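So this block is target_36.txt, compact mmCIF, C-alpha atoms:
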```
# COMPACT_ATOMS: atom_id res chain seq x y z
CA MET L 1 0.00 0.00 0.00
CA THR L 2 1.29 3.46 -0.81
CA THR L 3 2.02 5.70 2.16
CA ASN L 4 0.35 8.63 0.43
CA ILE L 5 -3.13 7.39 1.28
CA ASN L 6 -5.25 8.28 4.27
CA THR L 7 -8.44 6.45 5.17
CA VAL L 8 -11.50 7.86 6.89
CA GLY L 9 -14.42 5.56 7.57
CA GLY L 10 -13.30 3.16 4.88
CA ALA L 11 -13.07 5.80 2.12
CA PHE L 12 -9.68 6.71 0.67
CA ARG L 13 -8.55 10.25 0.00
CA PRO L 14 -5.22 11.74 -1.03
CA LYS L 15 -2.95 12.64 1.87
CA LYS L 16 -2.15 16.37 1.84
CA ARG L 17 1.43 17.55 2.22
CA TYR L 18 2.21 20.64 4.29
CA LEU L 19 5.30 22.82 3.98
CA ILE L 20 6.05 24.98 7.01
CA SER L 21 8.59 27.67 6.27
CA VAL L 22 10.36 29.37 9.17
CA SER L 23 12.47 32.48 8.53
CA HIS L 24 12.67 33.70 12.14
CA GLY L 25 15.06 31.86 14.41
CA THR L 26 14.71 31.25 18.08
CA TYR L 27 16.64 34.39 18.99
CA GLY L 28 14.41 37.45 19.19
CA HIS L 29 11.49 35.60 17.65
CA ASP L 30 11.05 32.59 19.90
CA ASP L 31 7.24 32.94 19.79
CA ASP L 32 7.24 32.50 15.99
CA ALA L 33 9.70 29.62 16.12
CA TYR L 34 7.85 27.86 18.94
CA GLY L 35 4.50 28.45 17.21
CA ALA L 36 5.84 26.93 14.01
CA MET L 37 6.96 23.83 15.89
CA LEU L 38 3.59 23.43 17.62
CA VAL L 39 1.77 23.65 14.29
CA ALA L 40 4.23 21.32 12.54
CA ASN L 41 4.10 18.65 15.22
CA GLY L 42 0.34 18.97 15.64
CA ILE L 43 -0.25 18.39 11.91
CA LEU L 44 2.21 15.48 11.88
CA ALA L 45 0.51 13.88 14.88
CA LYS L 46 -2.79 14.00 13.01
CA GLY L 47 -1.23 11.68 10.45
CA LEU L 48 -0.44 14.16 7.68
CA ASP L 49 2.88 14.79 5.93
CA VAL L 50 4.89 17.84 6.99
CA THR L 51 8.14 19.29 5.75
CA LEU L 52 9.80 21.97 7.86
CA LEU L 53 11.93 24.42 5.89
CA LEU L 54 14.36 26.53 7.88
CA ARG L 55 15.68 29.55 6.01
CA GLU L 56 17.25 32.93 6.78
CA ASP L 57 17.49 33.32 10.59
CA GLY L 58 15.27 30.22 10.96
CA VAL L 59 18.39 28.09 10.47
CA TYR L 60 19.53 29.00 14.00
CA MET L 61 16.78 26.72 15.31
CA ALA L 62 18.76 23.69 14.11
CA VAL L 63 22.05 24.51 15.85
CA LYS L 64 22.76 21.56 18.12
CA GLY L 65 23.73 21.87 21.76
CA GLN L 66 22.26 25.35 22.21
CA ASP L 67 20.28 26.38 25.28
CA PRO L 68 18.33 29.57 24.58
CA ASN L 69 16.58 29.16 27.95
CA GLU L 70 19.68 30.75 29.45
CA ILE L 71 18.70 34.07 27.86
CA GLY L 72 14.97 33.63 28.34
CA GLN L 73 14.17 32.29 24.87
CA GLU L 74 12.22 29.11 24.16
CA ASN L 75 14.43 26.12 23.36
CA ASN L 76 12.98 24.33 20.35
CA LEU L 77 15.43 21.42 20.19
CA LYS L 78 12.98 19.06 21.93
CA GLN L 79 10.24 20.09 19.50
CA LEU L 80 12.62 19.48 16.58
CA ALA L 81 13.47 16.05 18.01
CA ASP L 82 9.75 15.30 18.32
CA PHE L 83 9.27 16.45 14.73
CA LEU L 84 11.88 13.99 13.45
CA ASP L 85 10.52 11.28 15.76
CA LEU L 86 7.07 11.74 14.20
CA GLY L 87 8.49 11.24 10.71
CA GLY L 88 8.72 14.85 9.59
CA GLN L 89 11.17 15.98 6.94
CA LEU L 90 13.54 18.74 8.03
CA ILE L 91 15.12 20.90 5.33
CA VAL L 92 17.63 23.71 5.80
CA LEU L 93 18.43 26.20 3.09
CA GLY L 94 22.15 26.04 2.36
CA PRO L 95 22.64 29.67 1.29
CA SER L 96 21.14 30.73 4.63
CA THR L 97 23.60 28.60 6.62
CA ASP L 98 26.48 29.79 4.43
CA ALA L 99 25.55 33.43 5.02
CA ARG L 100 25.69 32.78 8.78
CA ALA L 101 28.91 30.73 8.66
CA LEU L 102 27.17 27.61 9.97
CA ASP L 103 28.70 24.26 8.99
CA LYS L 104 26.60 21.10 8.67
CA ASP L 105 28.37 19.51 11.64
CA GLU L 106 27.08 22.36 13.82
CA LEU L 107 23.49 21.40 13.02
CA ILE L 108 21.38 18.59 14.49
CA ASP L 109 21.29 15.19 12.82
CA GLY L 110 18.45 14.32 10.48
CA ILE L 111 18.43 17.48 8.39
CA MET L 112 18.73 17.81 4.64
CA ILE L 113 20.51 20.88 3.25
CA ILE L 114 19.27 22.12 -0.10
CA GLY L 115 20.19 24.93 -2.48
CA ASN L 116 18.00 27.63 -3.98
CA LYS L 117 17.49 25.53 -7.13
CA ASP L 118 15.93 22.70 -5.11
CA LEU L 119 13.64 25.11 -3.27
CA VAL L 120 11.30 25.40 -6.25
CA LYS L 121 10.98 21.61 -6.42
CA VAL L 122 10.20 21.45 -2.70
CA LEU L 123 7.46 24.07 -3.11
CA GLU L 124 5.95 22.15 -6.02
CA GLU L 125 5.79 18.93 -4.00
CA HIS L 126 3.50 20.38 -1.33
CA ASP L 127 -0.19 21.22 -1.26
CA PHE L 128 -0.05 23.95 1.40
CA CYS L 129 2.61 26.33 2.66
CA ILE L 130 2.47 28.02 6.07
CA THR L 131 5.03 30.73 6.78
CA PHE L 132 6.35 31.90 10.14
CA MET C 1 -4.94 -1.91 33.82
CA ALA C 2 -7.20 1.03 34.63
CA GLU C 3 -10.24 0.41 36.83
CA GLY C 4 -13.25 -0.46 34.67
CA MET C 5 -11.08 -0.89 31.58
CA THR C 6 -10.42 -4.50 30.70
CA ASN C 7 -8.01 -4.24 27.77
CA LYS C 8 -4.47 -5.56 28.04
CA VAL C 9 -2.23 -2.49 27.79
CA ASP C 10 1.10 -2.85 25.99
CA VAL C 11 2.38 0.73 26.23
CA SER C 12 1.32 3.66 28.43
CA VAL C 13 1.94 7.39 28.20
CA ASP C 14 1.12 9.96 30.89
CA THR C 15 0.31 13.39 29.46
CA ARG C 16 -1.07 14.98 32.63
CA GLY C 17 -0.15 18.66 32.85
CA MET C 18 0.39 19.00 29.09
CA ASN C 19 -1.65 21.28 26.82
CA CYS C 20 -2.84 20.72 23.25
CA PRO C 21 -1.31 19.49 20.97
CA GLN C 22 1.41 17.95 23.16
CA PRO C 23 -0.73 15.04 24.49
CA LEU C 24 -1.52 13.99 20.92
CA ILE C 25 2.14 14.35 19.94
CA GLU C 26 3.30 12.19 22.85
CA ALA C 27 0.63 9.58 22.10
CA ARG C 28 1.55 9.49 18.42
CA LYS C 29 5.25 9.12 19.18
CA LYS C 30 4.48 6.02 21.25
CA MET C 31 2.02 4.66 18.71
CA ARG C 32 4.53 4.91 15.85
CA LYS C 33 6.87 2.52 17.67
CA MET C 34 4.15 -0.06 18.41
CA ALA C 35 3.15 -3.11 16.39
CA PRO C 36 -0.32 -3.41 14.83
CA GLY C 37 -2.76 -4.87 17.35
CA GLN C 38 -0.96 -3.55 20.41
CA VAL C 39 -2.86 -1.31 22.83
CA LEU C 40 -1.74 2.16 23.96
CA GLU C 41 -3.06 3.67 27.19
CA VAL C 42 -3.10 7.48 27.21
CA ILE C 43 -3.57 9.22 30.56
CA GLY C 44 -4.33 12.95 30.55
CA ASP C 45 -6.22 15.88 31.98
CA HIS C 46 -6.47 18.34 29.07
CA ALA C 47 -10.13 18.48 28.00
CA MET C 48 -9.59 19.25 24.29
CA SER C 49 -7.04 16.47 23.94
CA ARG C 50 -9.63 14.05 25.31
CA LYS C 51 -11.62 14.74 22.12
CA GLU C 52 -8.73 15.37 19.73
CA ILE C 53 -6.72 12.20 20.32
CA PRO C 54 -9.52 9.72 19.43
CA MET C 55 -10.40 11.73 16.30
CA ALA C 56 -6.78 11.85 15.11
CA MET C 57 -6.12 8.18 15.85
CA GLU C 58 -9.25 7.02 14.05
CA GLU C 59 -8.22 9.12 11.04
CA THR C 60 -5.13 6.94 10.70
CA GLY C 61 -6.89 3.62 11.15
CA ASP C 62 -6.33 3.09 14.85
CA LYS C 63 -9.25 1.96 17.02
CA VAL C 64 -10.39 3.52 20.28
CA LEU C 65 -11.28 0.54 22.46
CA ASP C 66 -12.29 2.33 25.63
CA ALA C 67 -12.44 5.75 27.28
CA LYS C 68 -12.88 6.57 30.93
CA ASP C 69 -13.43 9.99 32.52
CA GLU C 70 -12.24 10.53 36.08
CA PRO C 71 -14.14 12.63 38.65
CA ASN C 72 -11.17 15.04 38.92
CA GLY C 73 -11.29 15.92 35.21
CA GLY C 74 -8.67 13.41 34.17
CA TRP C 75 -9.22 10.71 31.58
CA LYS C 76 -7.81 7.49 30.18
CA LEU C 77 -7.99 6.18 26.64
CA HIS C 78 -7.21 2.72 25.31
CA ILE C 79 -6.31 2.75 21.62
CA GLN C 80 -5.40 -0.24 19.47
CA LYS C 81 -2.88 0.38 16.75
CA GLY C 82 -4.02 -0.23 13.20
CA GLY C 83 -1.54 -0.91 10.46
CA GLN C 84 -1.29 2.34 8.60
CA PHE C 85 0.66 5.12 10.34
```
Once you've parsed the file, please lay out its structure as structure tokens.
Amino acid sequence: MTTNINTVGGAFRPKKRYLISVSHGTYGHDDDAYGAMLVANGILAKGLDVTLLLREDGVYMAVKGQDPNEIGQENNLKQLADFLDLGGQLIVLGPSTDARALDKDELIDGIMIIGNKDLVKVLEEHDFCITF
Amino acid sequence: MAEGMTNKVDVSVDTRGMNCPQPLIEARKKMRKMAPGQVLEVIGDHAMSRKEIPMAMEETGDKVLDAKDEPNGGWKLHIQKGGQF
């Protein structure tokens, strides 16, 4: 059976794919970042497909070993771990990490780094896009 | 086994003190690691999650076997994993 099928009361319907794009990182915008994670994980837990795209300052969310609680900001690393645990796809925009001098080994495991060219393909593969 | 609930529970998750959607997220994380046919017990006290979790689980082919409301506002759900998600 294909995994792109969802059943309700015995009837089959296409499974919608959600793209959640986050351009505000934890720092200074922890409400946006935390809100994005709540929405992403909530949709995933309902059984739908979600891709989380971190771009611009949103890439700071994926820096491993950080503890923003120390400066009063919400730490989203647990929510990101939950996201991956629930089967979500985590994408980071390479040009955004390059512009902030972040190497891949500074980011959490389980991410996929893409370039601007691949961004169009990612957008085309999803039915809905929610931006934070 | 919860009082009045006769299902054999394989996995249990306690979501008391959590707000929506965290109870559903914690329940789903457990459910994803279970085998079809196994039973998950979800314990909680968030009223909206009491309604949301059964709806979300049934959407993905899981079966709510039993639900029990406690006098203090808490609740317990027994959900059998289907084979889909």
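Checking L:Pro95, L:Asp105, L:Leu44, L:Ser21 one by one against L:Lys117, counting only C-alpha atoms, you find the shortest gap at L:Pro95.
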Task: Exercise: stretch 34-41 of chain L partners within 9 Å, all atoms listed in the file, chain neighbours under 6 positions left out, as an MDAnalysis selection string - done: (chainID L and resid 18:22 26 50:52 74:76 79:80 82:83 86 88 130:132) or (chainID C and resid 20:22 25)
Task: Exercise: stretch 29-40 of chain C partners within 6 Å, only C-alpha atoms, chain neighbours under 4 positions left out, as a list in words - done: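 Listing them by chain and then by number gives Leu86 of chain L; Val9, Asp10, Val11, Ser12, His78, Ile79, Gln80, Lys81, Gly82 and Gly83 of chain C.
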- [ ] For chain L, report every residue with an atom at most 6 Å from chain C (counting all atoms listed in the file), formatted as a ChimeraX atom specification.
- [x] /L:8,42,45-46,86
TODO: Quote the spacing between atom CA of C:Asp45 and atom CA of C:Asn72 in Å to one decimal place.
DONE: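 So the two atoms, atom CA of C:Asp45 and atom CA of C:Asn72, lie 8.6 Å apart.
Relative to atom CA of L:Leu93, atom CA of L:Ser23 is found at 10.2 Å.
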Task: Atom-to-atom span, atom CA of L:Glu70 and atom CA of L:Asp31, Å - done: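 Those two atoms sit 15.9 Å apart.
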Open item on the list: I'd like to know which of C:Ala67, C:Val13, C:Met5, C:Met18 is closest to C:Lys51, using all atoms listed in the file.
Closed with: C:Ala67
Open item on the list: Ranking L:Leu107, L:Leu53, L:Met61, L:Leu119 by minimum distance to L:Gln89 and counting only C-alpha atoms, which one comes first?
Closed with: L:Leu53
